[in-house]
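coords.cif (mmCIF, C-alpha atoms)
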data_run
loop_
_atom_site.label_atom_id
_atom_site.label_comp_id
_atom_site.auth_asym_id
_atom_site.auth_seq_id
_atom_site.Cartn_x
_atom_site.Cartn_y
_atom_site.Cartn_z
CA MET A 9 -53.85 9.92 -5.69
CA LYS A 10 -53.89 8.90 -9.29
CA LEU A 11 -51.41 10.90 -11.33
CA ASP A 12 -53.73 12.99 -13.51
CA VAL A 13 -51.29 15.29 -15.30
CA GLU A 14 -49.15 14.71 -18.36
CA VAL A 15 -45.67 14.23 -16.92
CA PRO A 16 -43.15 16.25 -18.93
CA ASP A 17 -40.03 14.35 -19.94
CA ASP A 18 -37.67 17.31 -19.62
CA GLY A 19 -35.84 16.22 -16.43
CA ARG A 20 -37.05 19.29 -14.52
CA ARG A 21 -39.17 19.68 -11.40
CA HIS A 22 -42.84 20.59 -12.00
CA GLN A 23 -45.34 21.79 -9.39
CA TYR A 24 -49.07 21.93 -10.07
CA CYS A 25 -52.04 23.46 -8.25
CA TRP A 26 -53.88 20.89 -6.16
CA GLY A 27 -57.21 22.19 -7.45
CA CYS A 28 -56.97 23.23 -11.12
CA ARG A 29 -53.63 21.50 -11.94
CA ALA A 30 -52.15 24.66 -13.48
CA GLU A 31 -48.38 24.93 -13.13
CA THR A 32 -48.74 28.35 -11.49
CA VAL A 33 -48.54 27.59 -7.77
CA ARG A 34 -46.33 29.36 -5.25
CA PRO A 35 -44.21 28.99 -3.17
CA GLU A 36 -41.92 26.51 -4.85
CA HIS A 37 -41.23 24.40 -1.74
CA GLY A 38 -43.02 23.10 1.36
CA ALA A 39 -44.96 25.77 3.23
CA PRO A 40 -48.20 26.11 5.19
CA GLY A 41 -50.04 26.75 1.92
CA PHE A 42 -49.68 26.97 -1.85
CA THR A 43 -51.48 29.67 -3.81
CA CYS A 44 -52.32 29.30 -7.47
CA THR A 45 -52.11 32.44 -9.59
CA THR A 46 -54.44 30.84 -12.17
CA CYS A 47 -57.46 29.86 -10.02
CA GLY A 48 -56.63 31.99 -6.96
CA HIS A 49 -57.13 29.16 -4.48
CA THR A 50 -54.75 28.22 -1.67
CA HIS A 51 -54.24 24.56 -0.82
CA SER A 52 -52.23 22.83 1.90
CA ARG A 53 -50.42 20.74 -0.71
CA ALA A 54 -49.33 20.80 -4.34
CA LEU A 55 -48.74 18.08 -6.92
CA VAL A 56 -44.98 17.93 -7.42
CA ILE A 57 -43.24 15.82 -10.05
CA ASP A 58 -39.56 15.97 -9.19
CA PRO A 59 -36.86 13.87 -10.88
CA ALA A 60 -34.68 14.45 -7.79
CA LEU A 61 -37.04 12.19 -5.75
CA THR A 62 -37.67 8.46 -5.97
CA TRP A 63 -41.24 8.13 -7.27
CA TRP A 64 -43.33 5.89 -9.51
CA THR A 65 -46.87 5.05 -10.48
CA ASP A 66 -48.25 1.58 -9.91
CA ASP A 67 -50.45 -0.41 -12.30
CA SER A 68 -53.57 1.47 -11.14
CA GLY A 69 -51.93 4.87 -11.74
CA GLU A 70 -51.39 5.59 -8.01
CA TYR A 71 -48.53 8.07 -7.46
CA TRP A 72 -45.96 6.72 -4.97
CA HIS A 73 -42.99 8.26 -3.14
CA GLU A 74 -40.22 6.46 -1.27
CA SER A 75 -39.47 7.78 2.24
CA ALA A 76 -37.23 7.06 5.21
CA GLY A 77 -37.93 7.80 8.87
CA VAL A 78 -35.94 7.42 12.06
CA PHE A 79 -37.13 6.59 15.56
CA VAL A 80 -34.61 8.29 17.83
CA ARG A 81 -34.43 6.51 21.21
CA ARG A 82 -32.56 8.01 24.15
CA ALA A 83 -30.85 5.73 26.66
CA ASP A 84 -33.62 6.60 29.17
CA GLY A 85 -36.13 4.90 26.82
CA LEU A 86 -37.84 8.06 25.50
CA PHE A 87 -38.39 8.67 21.77
CA LEU A 88 -38.11 11.94 19.85
CA PHE A 89 -41.19 13.46 18.21
CA PHE A 90 -41.83 16.95 16.89
CA GLU A 91 -44.78 18.88 15.51
CA ARG A 92 -44.73 19.56 11.76
CA VAL A 93 -45.42 23.15 10.69
CA PHE A 94 -46.89 22.26 7.28
CA PHE A 95 -48.89 19.46 5.66
CA PRO A 96 -49.41 16.97 7.06
CA LEU A 97 -49.83 18.88 10.32
CA GLN A 98 -49.11 16.14 12.85
CA TRP A 99 -46.57 14.87 15.34
CA THR A 100 -43.80 12.96 13.59
CA VAL A 101 -40.30 11.54 13.78
CA PRO A 102 -37.43 12.81 11.62
CA ALA A 103 -38.29 11.61 8.13
CA GLY A 104 -38.38 12.56 4.49
CA HIS A 105 -38.26 11.52 0.88
CA VAL A 106 -35.52 9.37 -0.61
CA ASP A 107 -33.61 11.19 -3.35
CA THR A 108 -33.15 9.54 -6.75
CA GLY A 109 -30.23 7.10 -6.56
CA GLU A 110 -29.97 7.47 -2.78
CA ALA A 111 -30.04 4.44 -0.47
CA PRO A 112 -32.85 4.68 2.12
CA ARG A 113 -30.30 4.34 4.96
CA HIS A 114 -28.45 7.39 3.63
CA ALA A 115 -31.74 9.29 3.30
CA ALA A 116 -32.54 8.50 6.94
CA ARG A 117 -29.12 9.78 8.03
CA ARG A 118 -29.55 12.94 5.92
CA GLU A 119 -33.04 13.64 7.28
CA LEU A 120 -31.79 13.33 10.88
CA GLN A 121 -29.19 16.01 10.18
CA GLU A 122 -31.54 18.30 8.20
CA GLU A 123 -34.52 18.10 10.55
CA VAL A 124 -33.02 17.88 14.05
CA GLY A 125 -29.28 18.46 13.64
CA LEU A 126 -28.18 14.95 14.69
CA THR A 127 -25.09 13.64 12.93
CA ILE A 128 -24.65 9.88 13.03
CA GLY A 129 -23.04 7.20 10.92
CA THR A 130 -25.19 5.03 8.69
CA ALA A 131 -23.95 1.99 10.67
CA ASP A 132 -25.65 3.47 13.76
CA LEU A 133 -29.06 2.94 12.13
CA THR A 134 -30.94 -0.30 12.70
CA GLU A 135 -33.46 -1.09 9.98
CA LEU A 136 -36.86 -1.88 11.49
CA SER A 137 -39.07 -2.45 8.46
CA VAL A 138 -40.04 -1.56 4.91
CA ASP A 139 -43.77 -0.96 4.55
CA ASP A 140 -46.04 0.18 1.73
CA MET A 141 -48.59 2.67 3.06
CA PRO A 142 -51.23 3.41 0.40
CA ASP A 143 -53.12 5.99 2.52
CA ASP A 144 -50.21 8.22 3.56
CA SER A 145 -50.31 11.75 2.11
CA CYS A 146 -47.54 14.33 1.78
CA TRP A 147 -47.40 17.98 0.73
CA ARG A 148 -45.86 16.95 -2.62
CA GLY A 149 -49.08 15.28 -3.74
CA SER A 150 -48.47 11.59 -3.20
CA ASP A 151 -51.05 9.64 -1.22
CA ALA A 152 -48.92 6.48 -1.09
CA HIS A 153 -45.45 5.94 0.34
CA ARG A 154 -42.98 3.10 0.71
CA TRP A 155 -41.54 3.71 4.18
CA HIS A 156 -38.11 2.55 5.33
CA SER A 157 -38.13 2.75 9.15
CA PHE A 158 -34.94 2.89 11.19
CA LEU A 159 -33.96 3.12 14.86
CA VAL A 160 -31.01 4.98 16.32
CA ASP A 161 -30.00 4.94 19.98
CA VAL A 162 -28.53 8.13 21.47
CA PRO A 163 -27.28 9.10 24.95
CA ALA A 164 -29.85 10.10 27.60
CA ASP A 165 -28.55 13.69 27.63
CA THR A 166 -29.11 14.18 23.87
CA THR A 167 -30.88 17.40 22.98
CA VAL A 168 -32.07 18.44 19.55
CA GLN A 169 -33.20 21.56 17.79
CA VAL A 170 -35.97 21.10 15.26
CA LEU A 171 -35.02 23.08 12.19
CA GLU A 172 -37.27 24.48 9.42
CA GLU A 173 -39.92 21.74 9.17
CA GLY A 174 -41.15 21.62 12.73
CA ARG A 175 -41.28 22.87 16.28
CA ARG A 176 -41.61 21.66 19.86
CA PRO A 177 -39.26 18.67 20.01
CA THR A 178 -40.62 16.30 22.66
CA TRP A 179 -39.27 13.10 24.16
CA LEU A 180 -42.09 10.61 24.81
CA PRO A 181 -42.39 6.98 25.93
CA LEU A 182 -43.31 4.55 23.17
CA PRO A 183 -44.39 1.13 24.36
CA LEU A 184 -42.69 -1.63 22.43
CA PRO A 185 -43.91 -5.23 22.22
#
Can you dump the structure from the file as structure tokens?
Amino acid sequence: MKLDVEVPDDGRRHQYCWGCRAETVRPEHGAPGFTCTTCGHTHSRALVIDPALTWWTDDSGEYWHESAGVFVRRADGLFLFFERVFFPLQWTVPAGHVDTGEAPRHAARRELQEEVGLTIGTADLTELSVDDMPDDSCWRGSDAHRWHSFLVDVPADTTVQVLEEGRRPTWLPLPLP
């Protein structure tokens, strides 16, 4: 998505309606839908400009976010997935945006704790790759993400509880080359 709003330089978070771009959309954070009090429409995402997140625009004006995700592998070879409860509605691994000034490895560790309650050390994470994904949308309005992918190995008896962003944690096989 090309950034098509004038970005205020006040250091504050701004959230705009996906349709009319008015700054009158509620709720303030991720949810199944965002309703604009100006146009009255509800959308599954908003356009959020947040100085607390690592973001930029490229030479074409595309709005990018930086994200980190973790493939959690149990000793029995199964990987953790869960179903997201808001946009994008899909099966996913623990993942999220990198905060401003935060190392991607630390973001991955934080997201594991916030999303599924796993506490690990950053040294337990193995970096798999860093990939630019120009067709990857999030509820905060970016359609392009730089993904830092990590792997963590956990004992076979590990259980998790998906917290506010998802439901139905499931351990699945994932064929590796």
Task: Non-local contacts of segment 15-27 of chain A (10 Å; all atoms listed in the file; under 6 positions in same chain excluded) as an MDAnalysis selection string - done: chainID A and resid 33:37 42:61 147:149
- Query: Out of A:Ala131, A:Ala30, A:Leu88, A:Leu182, which residue has the shortest atom-to-atom distance to Arg117 of chain A when counting only C-alpha atoms?
  - Reply: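 Closest to Arg117 of chain A of all the choices is A:Ala131.
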Quick one: residues within 10 Å of Gln169 of chain A, all atoms listed in the file, excluding same-chain residues fewer than 3 positions away - as a CSV table (one decimal) with C-alpha atoms, in the frame of the given file?
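Result file is part-v4.csv:
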chain,number,residue,atom,x,y,z
A,90,PHE,CA,-41.8,17.0,16.9
A,123,GLU,CA,-34.5,18.1,10.6
A,124,VAL,CA,-33.0,17.9,14.0
A,125,GLY,CA,-29.3,18.5,13.6
A,126,LEU,CA,-28.2,15.0,14.7
A,172,GLU,CA,-37.3,24.5,9.4
A,174,GLY,CA,-41.2,21.6,12.7
A,175,ARG,CA,-41.3,22.9,16.3
A,176,ARG,CA,-41.6,21.7,19.9
A,177,PRO,CA,-39.3,18.7,20.0
**Q.** Contact residues around Arg81 of chain A with only C-alpha atoms at 7 Å, ignoring same-chain residues under 6 positions, as an MDAnalysis selection string
**A.** chainID A and resid 87:88 160:162
Report task. On this file, the PyMOL selection byres ((chain A and resi 180) around 12) gives some set of residues; write that set as a list in words. Result ->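 Against this file, the PyMOL selection byres ((chain A and resi 180) around 12) returns the residues Phe79, Val80, Arg81, Arg82, Asp84, Gly85, Leu86, Phe87, Leu88, Phe89, Phe90, Trp99, Thr100, Val101, Pro177, Thr178, Trp179, Pro181, Leu182 and Pro183 of chain A.
If you count all atoms listed in the file and ignore residues fewer than 3 places along the chain from segment 140-143 of chain A, what sits within 10 Å of it is Met9, Glu70, Tyr71, Trp72, His73, Glu74, Ser150, Asp151, Ala152, His153, Arg154, Trp155 and His156 of chain A.
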Selected residue of minimal separation from Asp165 of chain A among A:Glu110, A:Ala83, A:Thr65, A:Ala116, counting all atoms listed in the file: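 Smallest distance to Asp165 of chain A is found for A:Ala83.
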Exercise for the section: To one decimal in Å, tell me the separation between atom CA of Leu171 of chain A and atom CA of Thr127 of chain A. Expected result: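 Between these atoms lies a distance of 13.7 Å.
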Atom CA of Ser137 of chain A sits from atom CA of Glu119 of chain A at a separation of 17.2 Å
**Request:** Translate the PyMOL selection byres ((chain A and resi 113) around 12), as applied to the file shown, into an explicit residue set as a PyMOL selection string.
**Result:** chain A and resi 74-78+103-107+109-112+114-120+128-138+155-160
